[in-house]
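Participant: Please see the structure below; I have some questions.
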Amino acid sequence: MKNFIEVFDNALSSEDCKYIIDYMNTNGLMKRGSVKTPEGTRVVYEYKISSEMGIDIQDKNPINDIIGISLHHQIEKYKELHPQLAKIERWGVRERYNLQKYEPNQAYFGLHCENEGPNFGINRVLVWMFYLNTVTDDGGTYFDNYDLTLNAVEGRCVIWPAYWTHMHRGIVSKTESKYIVTGWFNFIDNV
């Protein structure tokens with residue numbers, strides 16, 4: 001049975017990954033990671049500990065060129081594998097996405113999906129994520145419904161449905177940092 005979680009290795013070059021990591025570590029714009037709750041977006045340490053920054057895909061930023069070009073290629077591959085996506089209402093890439101850094105012992109600990117309902121003010125269709133570095137001491141992503149662990153591999157892009165069928169959580173690495181870029185495809189009215 002399909003799980004609709006698609007992995008595209010070598011979606012970003014090693015040079016591109018290192019460029020984005022360097023940008024994250026030197027721009028001074030990273031802040032404490034937050035989560036959406038029914039009460040609003042806030043920091044919840046029991047649920048997630050990270051440093052992150054949001055980027056608007058329309059800004060003049062070299063990272064947008066790197067991510068935008070690769071993401072376009074990966075979503076086209078995903079749509080070829082899942083042509084049923086053409087039968088739902090129009091959807092597209094959400095303008096904001098996140099650069100995230102997880103230090104050793106940090107993760108998105110809480111089991112969650114990316115579309116938890118209208119009380120969260122989001123209407124996501126698909127999730128996309130690029131791993132920017134290889135983590136050899138755990139550090140991947142776990143999907144509980146499929147008992148599936150994806151390893152954090154430099155340049156890997158993963159795309160999956162945003163719904164309750166794809167609950168997932170980060171896996172802690174006790175010794176290594178993990179860098180990711182993550183975003184969403186939303187229905188057009190909510191892009």
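Residue names in the structure tokens use chain letters A, B, ... in the order shown, residue numbers from 1 in each chain, and ligand numbers from 1 in the order shown.
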Wanna dump the segment 35-131 of chain A-segment 161-173 of chain A contacts at 8 Å for me, each residue with its shortest atom pair and the distance in Å to one decimal, counting only C-alpha atoms, ordered by chain and number, as a tab-separated table?
Facilitator:
```
residue	atom	partner	partner_atom	distance
A:Pro104	CA	A:Ser173	CA	5.5
A:Asn105	CA	A:Val172	CA	5.5
A:Gln106	CA	A:Val172	CA	6.0
A:Ala107	CA	A:Gly170	CA	5.3
A:Tyr108	CA	A:Gly170	CA	4.9
A:Phe109	CA	A:Arg169	CA	5.7
A:Gly110	CA	A:Arg169	CA	5.8
A:Leu111	CA	A:Arg169	CA	4.9
A:His112	CA	A:Met167	CA	4.9
A:Cys113	CA	A:Met167	CA	4.6
A:Glu114	CA	A:Ala162	CA	4.7
A:Asn115	CA	A:Ala162	CA	5.3
A:Glu116	CA	A:Tyr163	CA	7.1
A:Arg124	CA	A:Ala162	CA	6.0
A:Val125	CA	A:Ala162	CA	5.3
A:Leu126	CA	A:Pro161	CA	4.4
A:Val127	CA	A:Ala162	CA	5.7
```
Participant: Among segment 54-121 of chain A, which residues does DSSP mark as strand (DSSP E) when it is run on the backbone? Keep the chain and numbering as in the structure and answer as a count of residues only.
Facilitator: 13
Participant: List the spatial neighbours of Val135 of chain A as a ChimeraX atom specification - criterion: any atom at most 8 Å away, only C-alpha atoms, same-chain residues fewer than 5 positions off excluded.
Facilitator: /A:140,151-153,173,176-178
Participant: Give me, please, the distance in Å between atom CA of Gly183 of chain A and atom CA of Met129 of chain A, quoted to one decimal.
Facilitator: 6.5 Å
Participant: Quick one: of A:Gly92, A:Gly28, A:Gly33, A:Pro83, who's nearest to Phe187 of chain A, counting only C-alpha atoms?
Facilitator: A:Gly92
Participant: Provide the atom CA of Lys2 of chain A to atom CA of Glu80 of chain A distance in Å, to one decimal place.
Facilitator: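 Between atom CA of Lys2 of chain A and atom CA of Glu80 of chain A the gap works out to 14.3 Å.
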Participant: What's around Ile67 of chain A at 9 Å? Count only C-alpha atoms, leave out sequence neighbours fewer than 6 positions away in its own chain, and write the answer as a ChimeraX atom specification.
Facilitator: /A:12,57,130,181
Participant: Give me a file of those residues, with N, CA and C atoms, as a PDB file, in the first residue's frame.
Facilitator:
```pdb
ATOM      1  N   LEU A  12      19.092  18.927  -3.690  1.00  0.00           N
ATOM      2  CA  LEU A  12      19.960  20.097  -3.535  1.00  0.00           C
ATOM      3  C   LEU A  12      21.397  19.619  -3.553  1.00  0.00           C
ATOM      4  N   ILE A  57       8.918  33.640  -0.139  1.00  0.00           N
ATOM      5  CA  ILE A  57       9.455  33.102  -1.385  1.00  0.00           C
ATOM      6  C   ILE A  57       9.568  34.161  -2.481  1.00  0.00           C
ATOM      7  N   PHE A 130      13.410  19.907   2.984  1.00  0.00           N
ATOM      8  CA  PHE A 130      14.763  19.583   2.530  1.00  0.00           C
ATOM      9  C   PHE A 130      15.633  19.396   3.765  1.00  0.00           C
ATOM     10  N   VAL A 181      14.913  22.895   5.722  1.00  0.00           N
ATOM     11  CA  VAL A 181      14.062  23.935   5.154  1.00  0.00           C
ATOM     12  C   VAL A 181      12.717  23.267   4.952  1.00  0.00           C
TER      13      VAL A 181
END
```
Participant: I'd like the contact shell of Leu29 of chain A - 10 Å cut-off, only C-alpha atoms, skipping same-chain residues fewer than 2 positions apart - returned as a ChimeraX atom specification.
Facilitator: /A:23-27,31,51-54
Participant: For the residues in the current selection, export C-alpha atoms as a PDB file, in the first residue's frame.
Facilitator:
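The new file part30.pdb reads:
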```
ATOM      1  CA  TYR A  23      23.320  31.845   5.900  1.00  0.00           C
ATOM      2  CA  MET A  24      21.352  30.480   8.862  1.00  0.00           C
ATOM      3  CA  ASN A  25      24.376  30.572  11.155  1.00  0.00           C
ATOM      4  CA  THR A  26      25.546  34.089  10.235  1.00  0.00           C
ATOM      5  CA  ASN A  27      22.509  36.264   9.431  1.00  0.00           C
ATOM      6  CA  LYS A  31      14.842  33.040  16.729  1.00  0.00           C
ATOM      7  CA  SER A  51      15.956  28.072  16.105  1.00  0.00           C
ATOM      8  CA  GLU A  52      14.210  29.233  12.953  1.00  0.00           C
ATOM      9  CA  MET A  53      13.401  32.051  10.604  1.00  0.00           C
ATOM     10  CA  GLY A  54      10.662  32.565   8.056  1.00  0.00           C
TER      11      GLY A  54
END
```
Participant: Measuring between only C-alpha atoms, which one of A:Ile66, A:Val93, A:Val35, A:Ile21 shows the shortest distance to Asn123 of chain A?
Facilitator: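 Of A:Ile66, A:Val93, A:Val35, A:Ile21, the one nearest Asn123 of chain A, counting only C-alpha atoms, is A:Val93.
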Participant: Pick out the closest residue to Ser50 of chain A from this set: A:Leu81, A:Ile188, A:Leu148, A:Met30. Count only C-alpha atoms.
Facilitator: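 That would be A:Met30, the residue with the smallest distance to Ser50 of chain A.
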Participant: Here is a test: counting only C-alpha atoms, which residue of A:Leu71, A:Tyr131, A:Asp189, A:Gly139 is nearest to Trp91 of chain A?
Facilitator: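 Of the candidates, the smallest distance to Trp91 of chain A is held by A:Asp189.
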Participant: Point out the residue among A:Asn133, A:Thr182, A:Gln84, A:Gln74 with the least atom-to-atom distance to Lys18 of chain A, counting only C-alpha atoms.
Facilitator: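 The answer is A:Asn133, which sits nearest to Lys18 of chain A.
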Participant: A:Glu154, A:Glu6, A:Ala11, A:Phe143: which is nearest Ile69 of chain A, counting only C-alpha atoms?
Facilitator: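 Closest to Ile69 of chain A, using only C-alpha atoms: A:Ala11.
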Participant: One number please: atom CA of Tyr142 of chain A to atom CA of Val158 of chain A, in Å, one decimal.
Facilitator: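 Atom CA of Tyr142 of chain A sits 12.3 Å away from atom CA of Val158 of chain A.
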